[in-house]
>>> print(open('input_15.txt').read())   # compact mmCIF, C-alpha atoms and all ligand atoms
# COMPACT_ATOMS: atom_id res chain seq x y z
CA MET A 1132 -18.00 -9.13 7.71
CA THR A 1133 -14.47 -7.79 7.95
CA ALA A 1134 -12.05 -9.07 5.36
CA ILE A 1135 -9.05 -8.83 7.66
CA GLU A 1136 -8.90 -8.34 11.39
CA THR A 1137 -5.79 -8.56 13.51
CA THR A 1138 -5.60 -8.43 17.27
CA ASP A 1139 -2.35 -7.68 19.03
CA LEU A 1140 -0.57 -9.40 16.13
CA THR A 1141 3.11 -9.54 16.98
CA LYS A 1142 6.17 -11.17 15.45
CA ARG A 1143 9.61 -11.24 17.00
CA TYR A 1144 12.80 -12.82 15.79
CA GLY A 1145 14.89 -13.13 18.90
CA GLU A 1146 15.55 -9.59 20.06
CA GLU A 1147 14.25 -8.14 16.82
CA THR A 1148 10.60 -7.06 16.66
CA ALA A 1149 9.24 -7.38 13.15
CA LEU A 1150 5.65 -6.55 14.02
CA GLU A 1151 4.38 -5.10 17.27
CA SER A 1152 0.78 -5.49 18.44
CA LEU A 1153 -0.86 -4.80 15.10
CA GLU A 1154 -4.53 -3.88 15.41
CA LEU A 1155 -5.89 -3.59 11.91
CA THR A 1156 -9.32 -3.96 10.35
CA VAL A 1157 -9.91 -4.06 6.62
CA ASP A 1158 -13.54 -3.97 5.59
CA ASP A 1159 -15.18 -6.18 3.07
CA GLY A 1160 -14.92 -4.70 -0.43
CA GLU A 1161 -12.23 -2.20 0.49
CA VAL A 1162 -9.05 -1.50 -1.46
CA PHE A 1163 -6.51 -1.09 1.30
CA GLY A 1164 -2.95 0.05 0.73
CA PHE A 1165 -0.32 -1.06 3.20
CA LEU A 1166 2.54 1.37 2.98
CA GLY A 1167 5.91 1.41 4.60
CA PRO A 1168 9.61 1.78 3.95
CA ASN A 1169 11.89 -1.22 3.46
CA GLY A 1170 11.90 -3.42 6.51
CA ALA A 1171 8.75 -1.86 7.98
CA GLY A 1172 7.02 -5.21 8.43
CA LYS A 1173 4.67 -5.35 5.44
CA THR A 1174 5.68 -8.80 4.22
CA THR A 1175 5.77 -10.06 7.79
CA THR A 1176 2.15 -8.99 8.22
CA ILE A 1177 1.09 -10.65 4.97
CA ASP A 1178 2.94 -13.85 5.86
CA LEU A 1179 1.18 -13.89 9.22
CA LEU A 1180 -2.21 -13.40 7.55
CA LEU A 1181 -1.54 -16.39 5.33
CA ASP A 1182 -0.06 -18.50 8.14
CA PHE A 1183 3.25 -18.79 6.33
CA ILE A 1184 4.77 -17.78 9.66
CA ARG A 1185 3.36 -18.00 13.18
CA PRO A 1186 2.88 -14.99 15.41
CA THR A 1187 4.79 -14.55 18.63
CA ALA A 1188 1.56 -13.16 20.08
CA GLY A 1189 -1.91 -12.17 18.94
CA SER A 1190 -4.18 -13.53 16.25
CA ALA A 1191 -5.84 -12.68 12.98
CA THR A 1192 -8.87 -13.58 10.95
CA VAL A 1193 -9.15 -13.43 7.18
CA LEU A 1194 -12.65 -13.48 5.67
CA GLY A 1195 -13.88 -14.48 9.11
CA TYR A 1196 -11.58 -17.52 9.34
CA ASP A 1197 -8.83 -17.90 11.88
CA THR A 1198 -5.57 -17.70 9.97
CA HIS A 1199 -4.02 -20.63 11.83
CA ASP A 1200 -6.91 -22.94 12.65
CA GLU A 1201 -8.71 -22.48 9.33
CA THR A 1202 -5.81 -21.96 6.97
CA ASP A 1203 -7.26 -24.04 4.13
CA ALA A 1204 -10.49 -22.06 4.15
CA VAL A 1205 -8.49 -18.85 4.02
CA ARG A 1206 -6.22 -19.94 1.17
CA ASP A 1207 -9.18 -21.30 -0.74
CA ARG A 1208 -10.82 -17.86 -0.93
CA VAL A 1209 -7.75 -15.66 -1.14
CA GLY A 1210 -5.73 -14.84 -4.25
CA ILE A 1211 -2.09 -14.25 -3.36
CA LEU A 1212 0.68 -12.46 -5.16
CA PRO A 1213 3.56 -13.00 -2.76
CA ASP A 1214 6.74 -11.00 -2.48
CA GLY A 1215 9.52 -13.13 -3.93
CA PHE A 1216 7.73 -16.16 -5.27
CA ASP A 1217 9.29 -19.21 -6.83
CA LEU A 1218 8.20 -20.60 -10.14
CA TRP A 1219 9.15 -23.93 -11.67
CA GLU A 1220 11.80 -22.77 -14.07
CA ARG A 1221 11.29 -25.43 -16.67
CA SER A 1222 7.48 -25.30 -16.78
CA SER A 1223 5.69 -22.85 -19.02
CA GLY A 1224 3.61 -19.98 -17.74
CA TYR A 1225 0.60 -21.70 -19.27
CA ARG A 1226 1.30 -24.85 -17.25
CA HIS A 1227 1.58 -22.76 -14.09
CA LEU A 1228 -1.83 -21.32 -14.77
CA GLU A 1229 -3.32 -24.74 -15.44
CA PHE A 1230 -1.89 -25.94 -12.14
CA ALA A 1231 -3.35 -22.96 -10.27
CA LEU A 1232 -6.73 -23.57 -11.93
CA GLU A 1233 -6.66 -27.24 -10.92
CA SER A 1234 -5.64 -26.44 -7.34
CA LYS A 1235 -8.38 -23.89 -6.89
CA ASN A 1236 -11.05 -25.51 -9.06
CA GLY A 1237 -10.96 -22.35 -11.14
CA THR A 1238 -13.24 -22.12 -14.13
CA GLU A 1239 -11.49 -19.26 -15.96
CA SER A 1240 -9.77 -19.90 -19.25
CA PRO A 1241 -5.99 -19.53 -19.10
CA GLU A 1242 -6.17 -17.38 -22.23
CA ALA A 1243 -8.56 -14.92 -20.59
CA LEU A 1244 -6.33 -14.64 -17.52
CA LEU A 1245 -3.25 -14.11 -19.68
CA GLU A 1246 -5.00 -11.39 -21.60
CA ARG A 1247 -6.04 -9.65 -18.38
CA VAL A 1248 -2.49 -9.40 -17.14
CA GLY A 1249 -1.08 -8.55 -20.57
CA LEU A 1250 0.98 -11.70 -21.02
CA ASP A 1251 1.34 -12.84 -24.60
CA LEU A 1252 0.17 -16.39 -25.34
CA LYS A 1253 3.46 -17.13 -27.11
CA ASP A 1254 5.38 -16.03 -24.03
CA ALA A 1255 3.07 -18.09 -21.85
CA GLU A 1256 4.23 -21.17 -23.72
CA ARG A 1257 7.89 -20.49 -22.91
CA PRO A 1258 9.54 -21.88 -19.76
CA VAL A 1259 9.25 -19.36 -16.95
CA GLY A 1260 12.98 -19.63 -16.32
CA ASP A 1261 13.32 -17.40 -19.39
CA TYR A 1262 10.92 -14.76 -18.10
CA SER A 1263 11.84 -11.22 -17.22
CA LYS A 1264 10.90 -10.02 -13.73
CA GLY A 1265 7.89 -8.18 -15.10
CA MET A 1266 6.66 -11.18 -17.07
CA ALA A 1267 6.95 -13.38 -14.00
CA GLN A 1268 5.05 -10.76 -12.02
CA ARG A 1269 2.26 -10.74 -14.60
CA LEU A 1270 2.05 -14.52 -14.46
CA ALA A 1271 1.91 -14.42 -10.66
CA MET A 1272 -0.94 -11.92 -10.84
CA ALA A 1273 -2.83 -14.17 -13.28
CA MET A 1274 -2.40 -17.03 -10.80
CA ALA A 1275 -3.65 -14.83 -7.95
CA LEU A 1276 -6.82 -14.09 -9.92
CA VAL A 1277 -7.66 -17.76 -10.42
CA GLY A 1278 -10.92 -18.90 -8.84
CA ASP A 1279 -12.44 -15.43 -8.48
CA PRO A 1280 -11.08 -14.84 -4.94
CA ASP A 1281 -13.00 -12.85 -2.33
CA LEU A 1282 -9.77 -11.23 -1.18
CA LEU A 1283 -6.64 -10.40 -3.14
CA ILE A 1284 -3.45 -10.03 -1.11
CA LEU A 1285 -0.73 -8.49 -3.22
CA ASP A 1286 2.76 -7.97 -1.82
CA GLU A 1287 4.54 -5.24 -3.81
CA PRO A 1288 2.53 -6.08 -6.95
CA SER A 1289 4.21 -3.49 -9.14
CA SER A 1290 7.68 -4.80 -8.45
CA GLY A 1291 9.52 -5.25 -11.76
CA LEU A 1292 6.68 -3.85 -13.87
CA ASP A 1293 7.08 -1.24 -16.59
CA PRO A 1294 4.70 1.78 -16.56
CA HIS A 1295 2.27 -0.01 -18.85
CA GLY A 1296 2.28 -3.02 -16.54
CA ILE A 1297 1.66 -0.77 -13.55
CA ARG A 1298 -1.39 0.69 -15.29
CA THR A 1299 -2.62 -2.80 -16.19
CA PHE A 1300 -2.36 -3.90 -12.57
CA GLN A 1301 -4.16 -0.77 -11.37
CA GLU A 1302 -6.98 -1.50 -13.80
CA ILE A 1303 -7.19 -5.06 -12.52
CA ILE A 1304 -7.38 -3.83 -8.94
CA ARG A 1305 -10.16 -1.41 -9.87
CA GLU A 1306 -12.07 -4.10 -11.78
CA GLU A 1307 -11.75 -6.54 -8.92
CA ALA A 1308 -12.91 -3.92 -6.44
CA ALA A 1309 -15.89 -3.07 -8.66
CA ASP A 1310 -16.71 -6.77 -8.59
CA GLY A 1311 -16.79 -6.74 -4.79
CA THR A 1312 -13.36 -8.24 -4.15
CA THR A 1313 -11.41 -6.87 -1.21
CA VAL A 1314 -7.88 -5.90 -2.17
CA PHE A 1315 -5.06 -5.60 0.34
CA PHE A 1316 -1.73 -4.64 -1.10
CA SER A 1317 1.61 -3.55 0.17
CA SER A 1318 3.84 -1.04 -1.47
CA HIS A 1319 6.45 1.55 -0.74
CA ILE A 1320 5.42 3.51 -3.83
CA LEU A 1321 2.98 6.08 -2.59
CA GLY A 1322 1.60 7.22 -5.92
CA GLN A 1323 0.53 3.73 -6.84
CA VAL A 1324 -1.26 3.28 -3.58
CA ALA A 1325 -3.01 6.61 -3.88
CA ALA A 1326 -4.21 5.76 -7.38
CA VAL A 1327 -6.40 2.86 -6.29
CA CYS A 1328 -6.85 2.77 -2.52
CA ASP A 1329 -9.84 3.65 -0.38
CA ARG A 1330 -7.69 3.71 2.73
CA VAL A 1331 -4.03 3.50 3.54
CA GLY A 1332 -2.21 2.13 6.55
CA ILE A 1333 1.33 3.34 7.16
CA LEU A 1334 3.66 0.91 8.82
CA ASP A 1335 7.00 2.06 10.10
CA ASP A 1336 9.57 0.06 12.00
CA GLY A 1337 7.03 -2.58 12.97
CA GLU A 1338 4.38 -0.16 14.12
CA LEU A 1339 1.19 0.89 12.42
CA VAL A 1340 1.58 4.64 12.48
CA THR A 1341 -1.79 5.57 11.09
CA VAL A 1342 -4.75 4.45 8.99
CA ASP A 1343 -6.74 6.91 6.93
CA THR A 1344 -7.83 7.98 3.48
CA ILE A 1345 -5.25 9.90 1.45
CA ALA A 1346 -7.37 13.04 1.94
CA GLY A 1347 -7.49 12.37 5.67
CA LEU A 1348 -3.74 11.87 5.79
CA ARG A 1349 -3.22 15.17 3.99
CA GLU A 1350 -5.43 16.95 6.44
CA ARG A 1351 -3.98 15.42 9.59
CA SER A 1352 -0.36 15.58 8.55
CA GLY A 1353 -0.52 19.34 8.34
CA VAL A 1354 1.74 19.06 5.31
CA GLY A 1355 0.58 22.05 3.38
CA SER A 1356 0.13 22.71 -0.28
CA SER A 1357 0.98 26.23 -1.39
CA LEU A 1358 -0.61 28.91 -3.47
CA VAL A 1359 2.18 30.92 -5.06
CA VAL A 1360 1.10 34.31 -6.37
CA ASP A 1361 3.02 36.74 -8.59
CA VAL A 1362 1.86 40.23 -7.81
CA ALA A 1363 2.44 43.60 -9.41
CA GLY A 1364 4.98 45.53 -7.39
CA GLU A 1365 6.50 44.51 -4.12
CA PRO A 1366 4.58 41.62 -2.49
CA SER A 1367 3.27 42.27 0.97
CA THR A 1368 1.00 40.37 3.26
CA GLU A 1369 -0.27 43.50 4.95
CA GLY A 1370 -3.95 44.22 4.81
CA THR A 1371 -4.86 40.90 3.19
CA ALA A 1372 -5.80 39.05 6.39
CA LEU A 1373 -4.76 35.85 4.67
CA THR A 1374 -3.57 34.28 7.89
CA GLU A 1375 -7.07 34.57 9.32
CA ILE A 1376 -8.47 32.14 6.75
CA ASP A 1377 -9.26 28.75 8.27
CA GLY A 1378 -6.79 26.18 6.98
CA VAL A 1379 -4.05 28.68 6.07
CA THR A 1380 -0.93 27.77 8.00
CA GLU A 1381 1.62 30.28 6.75
CA VAL A 1382 1.90 33.36 4.55
CA THR A 1383 5.24 34.63 3.33
CA ALA A 1384 6.40 37.23 0.84
CA ASP A 1385 9.68 36.66 -0.90
CA ASP A 1386 11.30 36.70 -4.34
CA GLY A 1387 8.55 38.94 -5.65
CA ARG A 1388 5.88 36.40 -4.78
CA LEU A 1389 3.36 35.72 -2.08
CA ARG A 1390 3.26 32.16 -0.82
CA VAL A 1391 0.14 31.02 1.01
CA THR A 1392 0.51 27.58 2.58
CA TYR A 1393 -2.66 25.73 3.53
CA ALA A 1394 -3.55 22.38 5.06
CA ASP A 1395 -7.19 22.56 3.97
CA PRO A 1396 -7.72 22.76 0.17
CA ALA A 1397 -10.84 24.90 0.72
CA ALA A 1398 -8.55 27.69 1.90
CA LYS A 1399 -7.05 28.14 -1.56
CA ALA A 1400 -10.08 29.70 -3.24
CA LEU A 1401 -10.72 31.93 -0.23
CA ALA A 1402 -7.14 33.16 -0.33
CA ILE A 1403 -7.42 34.08 -4.01
CA HIS A 1404 -10.72 35.81 -3.36
CA ARG A 1405 -9.24 37.84 -0.55
CA LEU A 1406 -6.22 38.82 -2.61
CA VAL A 1407 -8.42 39.96 -5.50
CA GLU A 1408 -10.48 42.04 -3.09
CA SER A 1409 -7.78 43.64 -1.01
CA GLY A 1410 -4.32 42.53 -2.10
CA PRO A 1411 -1.92 43.85 -4.70
CA PRO A 1412 -2.91 43.15 -8.34
CA ILE A 1413 -2.35 39.49 -9.26
CA VAL A 1414 -0.17 38.88 -12.31
CA ASP A 1415 -0.16 35.08 -12.18
CA PHE A 1416 -0.52 32.24 -9.73
CA GLU A 1417 0.11 28.52 -9.40
CA THR A 1418 -0.38 25.86 -6.76
CA GLU A 1419 2.29 23.54 -5.46
CA GLU A 1420 0.59 20.45 -4.07
CA ALA A 1421 2.11 18.57 -1.17
CA THR A 1422 3.38 15.30 -2.57
CA LEU A 1423 2.63 11.94 -1.11
CA GLU A 1424 6.31 11.74 -0.28
CA ASP A 1425 5.84 14.80 1.92
CA LEU A 1426 2.96 13.04 3.66
CA PHE A 1427 4.91 9.89 4.11
CA SER A 1428 7.82 11.78 5.63
CA ALA A 1429 5.42 13.54 7.97
CA PHE A 1430 4.12 10.24 9.30
CA THR A 1431 7.31 8.21 9.36
CA GLY A 1432 9.70 10.94 10.39
CA VAL A 1433 11.97 10.29 7.42
CA ASP A 1434 12.95 13.94 7.36
CA GLY A 1435 13.04 14.47 11.05
CA GLU A 1436 10.31 14.61 13.65
CA SER A 1437 7.22 12.71 12.61
CA VAL A 1438 3.60 13.63 13.10
CA ARG A 1439 3.41 10.57 15.33
CA GLU A 1440 6.20 11.89 17.54
CA GLN A 1441 4.44 15.20 17.82
CA GLY A 1442 1.40 13.35 19.18
CA ALA A 1443 -0.81 14.42 16.29
CA VAL A 1444 -1.98 10.92 15.48
CA ALA A 1445 -4.58 9.28 17.63
CA ASP A 1446 -4.66 5.62 16.64
CA GLU A 1447 -1.47 3.68 17.08
CA PRO A 1448 -0.86 -0.03 17.02
CA LYS A 1449 2.63 -1.36 16.15
CA ALA A 1450 4.72 -3.94 14.09
CA SER A 1451 8.05 -5.18 11.98
CA GLN A 1452 10.68 -7.66 10.34
CA LYS A 1453 10.99 -9.87 7.31
CA THR A 1454 9.87 -13.04 5.56
CA VAL A 1455 8.68 -14.55 2.35
CA ALA A 1456 5.78 -16.47 0.91
CA ASP A 1457 4.80 -19.14 -1.58
CA GLY A 1458 4.24 -18.93 -5.27
CA GLY A 1459 0.55 -18.61 -4.64
CA VAL A 1460 0.11 -22.24 -5.53
CA SER A 1461 1.47 -24.50 -2.87
CA ALA A 1462 3.12 -23.17 0.23
CA ASP A 1463 2.36 -25.26 3.18
CA THR A 1464 3.81 -23.97 6.35
CA ASP A 1465 2.82 -25.36 9.57
CA ALA A 1466 5.51 -23.20 10.88
CA ASP A 1467 5.68 -23.53 14.58
CA GLU A 1468 9.34 -22.62 14.60
CA GLU A 1469 10.42 -19.38 16.14
CA GLU A 1470 12.58 -18.16 13.29
CA GLU A 1471 13.15 -18.29 9.60
CA GLU A 1472 9.81 -19.71 8.58
CA VAL A 1473 9.79 -19.20 4.88
CA VAL A 1474 8.27 -20.96 1.95
CA ARG A 1475 9.19 -20.10 -1.59
N1 LIG A 1501 13.20 -14.67 9.15
C1 LIG A 1501 13.62 -13.52 9.69
N2 LIG A 1501 14.58 -13.51 10.64
C2 LIG A 1501 15.00 -12.36 11.21
N3 LIG A 1501 14.50 -11.13 10.88
C3 LIG A 1501 13.54 -11.09 9.94
C4 LIG A 1501 13.06 -12.28 9.30
N4 LIG A 1501 12.10 -11.92 8.42
C5 LIG A 1501 12.02 -10.58 8.51
N5 LIG A 1501 12.88 -10.09 9.41
C6 LIG A 1501 13.04 -8.65 9.76
O1 LIG A 1501 11.76 -8.08 9.98
C7 LIG A 1501 11.71 -6.71 9.53
C8 LIG A 1501 10.51 -6.50 8.60
O2 LIG A 1501 10.73 -7.18 7.37
P1 LIG A 1501 9.62 -7.24 6.25
O3 LIG A 1501 10.15 -8.13 5.18
O4 LIG A 1501 8.32 -7.58 6.84
O5 LIG A 1501 9.60 -5.73 5.78
P2 LIG A 1501 8.89 -5.09 4.53
O6 LIG A 1501 8.13 -3.93 5.02
O7 LIG A 1501 8.14 -6.13 3.78
O8 LIG A 1501 10.15 -4.61 3.70
P3 LIG A 1501 10.40 -4.48 2.11
O9 LIG A 1501 9.65 -3.27 1.64
O10 LIG A 1501 11.88 -4.28 2.05
O11 LIG A 1501 9.96 -5.76 1.47
C9 LIG A 1501 13.08 -6.44 8.91
O12 LIG A 1501 13.85 -5.78 9.87
C10 LIG A 1501 13.64 -7.82 8.65
O13 LIG A 1501 15.02 -7.81 8.72
>>> encode(input="input_15.txt", output="structure tokens")
Amino acid sequence: MTAIETTDLTKRYGEETALESLELTVDDGEVFGFLGPNGAGKTTTIDLLLDFIRPTAGSATVLGYDTHDETDAVRDRVGILPDGFDLWERSSGYRHLEFALESKNGTESPEALLERVGLDLKDAERPVGDYSKGMAQRLAMAMALVGDPDLLILDEPSSGLDPHGIRTFQEIIREEAADGTTVFFSSHILGQVAAVCDRVGILDDGELVTVDTIAGLRERSGVGSSLVVDVAGEPSTEGTALTEIDGVTEVTADDGRLRVTYADPAAKALAIHRLVESGPPIVDFETEEATLEDLFSAFTGVDGESVREQGAVADEPKASQKTVADGGVSADTDADEEEEEVVR
């Protein structure tokens, strides 16, 4: 069974296209990262999956259920950490958890959930109106975990978290995945996505630019990492045949160093081998890995022409605009309206 499947899923607000013909499949048990810059359409997609807003065209299933016709079945089995959720300011975090447990017939103890998300029991007894952003986020995650969901949908889960909180959430995602739960989460922070995801989808301006593993993205983007070699004497590329190595994209000699840029990591060891055999004596070397930011720029064209524009990416649906969701506890939207369907 697929955990999420969208067909031609489209959302428009008047002239504005928030999401264009999204064709996306997330497999059962996968940890899928949904990446995109601000306004790319990530929240719109999540709101459509949860039927908080209605599509202009297309359809989607979640855990095999139609998102509109079988909304209750979907929400029953899905744990949600929405982007921008509302809490009842005067109720305690503990009371929120009790409410979520009642709504979902959850059998977990509130204390165990609090411990998982790193929320102190004393803090849980305070009204949530006094919570910091990170504390509220931890509480929302605890509520999402209630009832052992088959699918976790997390919209910008690390928003407001300190580094320790980010690590805690990553551990939770890994534990849930190990337990067979599918995790779908949106983020614009590439490193966090790379740390836990099996696959990544990049959304840009309402369109799904590509879907792949991080390794696959690296390979296809052509964004190279570099081997930078200090050599004795004047560096020269002559006689080394470095450019003939499969995966090497560029070789330059400047500032007393040789720089070998490669798209395929296997090329690195071959380049060193060849230099040892026939190049100038090596004094030192280091590698400069392409960052995820480099990859992201390559696919979204942030720094100019994108891989997509160059026609290097095969699969291309589309999508984009903005919305909100519920606090993971109530949120009923039979939103048949065209615009501004939001529940918080
Ligand atoms: N109710 C609405 N009315 C009009 N435009 C909307 C509405 N909701 C969203 N949009 C637009 O849809 C686009 C996608 O917004 P969305 O919130 O899905 O982006 P996002 O990828 O989640 O962004 P962010 O990372 O900033 O949360 C934006 O251009 C936004 O302005």
>>> closest_residue(input="input_15.txt", among="A:Pro1241, A:Gly1210, A:Gly1265, A:Gly1145", to="ligand LIG 1501 (chain A)", atoms="only C-alpha atoms and all ligand atoms")
A:Gly1145
>>> axis_aligned_box(input="input_15.txt", around="segment 1387-1392 of chain A", padding_each_side="5 Å", output="lines of an AutoDock Vina configuration file")
center_x = 4.3
center_y = 33.3
center_z = -1.5
size_x = 18.4
size_y = 21.4
size_z = 18.2
>>> closest_residue(input="input_15.txt", among="A:Arg1226, A:Lys1173, A:Arg1298, A:Arg1221", to="Gly1260 of chain A", atoms="all atoms listed in the file")
A:Arg1221
>>> atom_distance(input="input_15.txt", atom1="atom CA of Pro1168 of chain A", atom2="atom O9 of ligand LIG 1501 (chain A)")
5.6 Å
>>> atom_distance(input="input_15.txt", atom1="atom C7 of ligand LIG 1501 (chain A)", atom2="atom CA of Asn1169 of chain A")
8.2 Å
>>> closest_residue(input="input_15.txt", among="A:Val1414, A:Ala1275, A:Ala1188, A:Val1157", to="Arg1206 of chain A", atoms="all atoms listed in the file")
A:Ala1275
>>> residues_near_point(input="input_15.txt", point="(1.7, 24.1, 8.7)", cutoff="12 Å", atoms="only C-alpha atoms", output="JSON list (two decimals) with C-alpha atoms, keeping the file's coordinate frame")
[["chain", "number", "residue", "atom", "x", "y", "z"],
["A", 1349, "ARG", "CA", -3.22, 15.17, 3.99],
["A", 1350, "GLU", "CA", -5.43, 16.95, 6.44],
["A", 1351, "ARG", "CA", -3.98, 15.42, 9.59],
["A", 1352, "SER", "CA", -0.36, 15.58, 8.55],
["A", 1353, "GLY", "CA", -0.52, 19.34, 8.34],
["A", 1354, "VAL", "CA", 1.74, 19.06, 5.31],
["A", 1355, "GLY", "CA", 0.58, 22.05, 3.38],
["A", 1356, "SER", "CA", 0.13, 22.71, -0.28],
["A", 1357, "SER", "CA", 0.98, 26.23, -1.39],
["A", 1374, "THR", "CA", -3.57, 34.28, 7.89],
["A", 1377, "ASP", "CA", -9.26, 28.75, 8.27],
["A", 1378, "GLY", "CA", -6.79, 26.18, 6.98],
["A", 1379, "VAL", "CA", -4.05, 28.68, 6.07],
["A", 1380, "THR", "CA", -0.93, 27.77, 8.00],
["A", 1381, "GLU", "CA", 1.62, 30.28, 6.75],
["A", 1382, "VAL", "CA", 1.90, 33.36, 4.55],
["A", 1391, "VAL", "CA", 0.14, 31.02, 1.01],
["A", 1392, "THR", "CA", 0.51, 27.58, 2.58],
["A", 1393, "TYR", "CA", -2.66, 25.73, 3.53],
["A", 1394, "ALA", "CA", -3.55, 22.38, 5.06],
["A", 1395, "ASP", "CA", -7.19, 22.56, 3.97],
["A", 1421, "ALA", "CA", 2.11, 18.57, -1.17],
["A", 1429, "ALA", "CA", 5.42, 13.54, 7.97],
["A", 1438, "VAL", "CA", 3.60, 13.63, 13.10]]
>>> closest_residue(input="input_15.txt", among="A:Ser1317, A:Ser1367, A:Ser1263, A:Thr1138", to="ligand LIG 1501 (chain A)", atoms="all atoms listed in the file")
A:Ser1317
>>> closest_residue(input="input_15.txt", among="A:Leu1250, A:Leu1339, A:Val1277, A:Leu1218", to="ligand LIG 1501 (chain A)", atoms="all atoms listed in the file")
A:Leu1339
>>> atom_distance(input="input_15.txt", atom1="atom CA of Thr1156 of chain A", atom2="atom CA of Ile1303 of chain A")
23.0 Å
>>> residues_near_point(input="input_15.txt", point="(-2.1, -17.0, 5.2)", cutoff="10 Å", atoms="only C-alpha atoms", output="MDAnalysis selection string")
chainID A and resid 1176:1185 1191:1193 1197:1199 1201:1206 1209 1211 1284 1456:1457 1462:1464
>>> write_last_selection(input="input_15.txt", atoms="C-alpha atoms", output="PDB file, in the frame of the given file")
ATOM      1  CA  THR A1176       2.150  -8.990   8.220  1.00  0.00           C
ATOM      2  CA  ILE A1177       1.090 -10.650   4.970  1.00  0.00           C
ATOM      3  CA  ASP A1178       2.940 -13.850   5.860  1.00  0.00           C
ATOM      4  CA  LEU A1179       1.180 -13.890   9.220  1.00  0.00           C
ATOM      5  CA  LEU A1180      -2.210 -13.400   7.550  1.00  0.00           C
ATOM      6  CA  LEU A1181      -1.540 -16.390   5.330  1.00  0.00           C
ATOM      7  CA  ASP A1182      -0.060 -18.500   8.140  1.00  0.00           C
ATOM      8  CA  PHE A1183       3.250 -18.790   6.330  1.00  0.00           C
ATOM      9  CA  ILE A1184       4.770 -17.780   9.660  1.00  0.00           C
ATOM     10  CA  ARG A1185       3.360 -18.000  13.180  1.00  0.00           C
ATOM     11  CA  ALA A1191      -5.840 -12.680  12.980  1.00  0.00           C
ATOM     12  CA  THR A1192      -8.870 -13.580  10.950  1.00  0.00           C
ATOM     13  CA  VAL A1193      -9.150 -13.430   7.180  1.00  0.00           C
ATOM     14  CA  ASP A1197      -8.830 -17.900  11.880  1.00  0.00           C
ATOM     15  CA  THR A1198      -5.570 -17.700   9.970  1.00  0.00           C
ATOM     16  CA  HIS A1199      -4.020 -20.630  11.830  1.00  0.00           C
ATOM     17  CA  GLU A1201      -8.710 -22.480   9.330  1.00  0.00           C
ATOM     18  CA  THR A1202      -5.810 -21.960   6.970  1.00  0.00           C
ATOM     19  CA  ASP A1203      -7.260 -24.040   4.130  1.00  0.00           C
ATOM     20  CA  ALA A1204     -10.490 -22.060   4.150  1.00  0.00           C
ATOM     21  CA  VAL A1205      -8.490 -18.850   4.020  1.00  0.00           C
ATOM     22  CA  ARG A1206      -6.220 -19.940   1.170  1.00  0.00           C
ATOM     23  CA  VAL A1209      -7.750 -15.660  -1.140  1.00  0.00           C
ATOM     24  CA  ILE A1211      -2.090 -14.250  -3.360  1.00  0.00           C
ATOM     25  CA  ILE A1284      -3.450 -10.030  -1.110  1.00  0.00           C
ATOM     26  CA  ALA A1456       5.780 -16.470   0.910  1.00  0.00           C
ATOM     27  CA  ASP A1457       4.800 -19.140  -1.580  1.00  0.00           C
ATOM     28  CA  ALA A1462       3.120 -23.170   0.230  1.00  0.00           C
ATOM     29  CA  ASP A1463       2.360 -25.260   3.180  1.00  0.00           C
ATOM     30  CA  THR A1464       3.810 -23.970   6.350  1.00  0.00           C
TER      31      THR A1464
END
>>> residues_around(input="input_15.txt", residues="Gly1249 of chain A", least_positions_apart="3", cutoff="8 Å", atoms="all atoms listed in the file", output="list in words")
Leu1245, Glu1246, Arg1269, Gly1296 and Thr1299 of chain A
>>> build_atoms(input="input_15.txt", residues="segment 1154-1162 of chain A", atoms="N, CA and C atoms", output="short mmCIF file (atom, residue, chain, number, x, y, z; two decimals), keeping the file's coordinate frame")
data_model
loop_
_atom_site.label_atom_id
_atom_site.label_comp_id
_atom_site.auth_asym_id
_atom_site.auth_seq_id
_atom_site.Cartn_x
_atom_site.Cartn_y
_atom_site.Cartn_z
N GLU A 1154 -3.06 -3.87 15.32
CA GLU A 1154 -4.53 -3.88 15.41
C GLU A 1154 -5.02 -3.26 14.11
N LEU A 1155 -5.52 -4.09 13.23
CA LEU A 1155 -5.89 -3.59 11.91
C LEU A 1155 -7.19 -4.24 11.44
N THR A 1156 -8.07 -3.43 10.91
CA THR A 1156 -9.32 -3.96 10.35
C THR A 1156 -9.46 -3.48 8.92
N VAL A 1157 -9.65 -4.41 8.01
CA VAL A 1157 -9.91 -4.06 6.62
C VAL A 1157 -11.31 -4.54 6.29
N ASP A 1158 -12.14 -3.62 5.83
CA ASP A 1158 -13.54 -3.97 5.59
C ASP A 1158 -13.71 -4.72 4.28
N ASP A 1159 -14.82 -5.44 4.26
CA ASP A 1159 -15.18 -6.18 3.07
C ASP A 1159 -15.34 -5.22 1.89
N GLY A 1160 -14.75 -5.52 0.77
CA GLY A 1160 -14.92 -4.70 -0.43
C GLY A 1160 -13.99 -3.51 -0.53
N GLU A 1161 -13.15 -3.34 0.48
CA GLU A 1161 -12.23 -2.20 0.49
C GLU A 1161 -10.98 -2.46 -0.36
N VAL A 1162 -10.40 -1.39 -0.90
CA VAL A 1162 -9.05 -1.50 -1.46
C VAL A 1162 -8.14 -0.80 -0.45
#
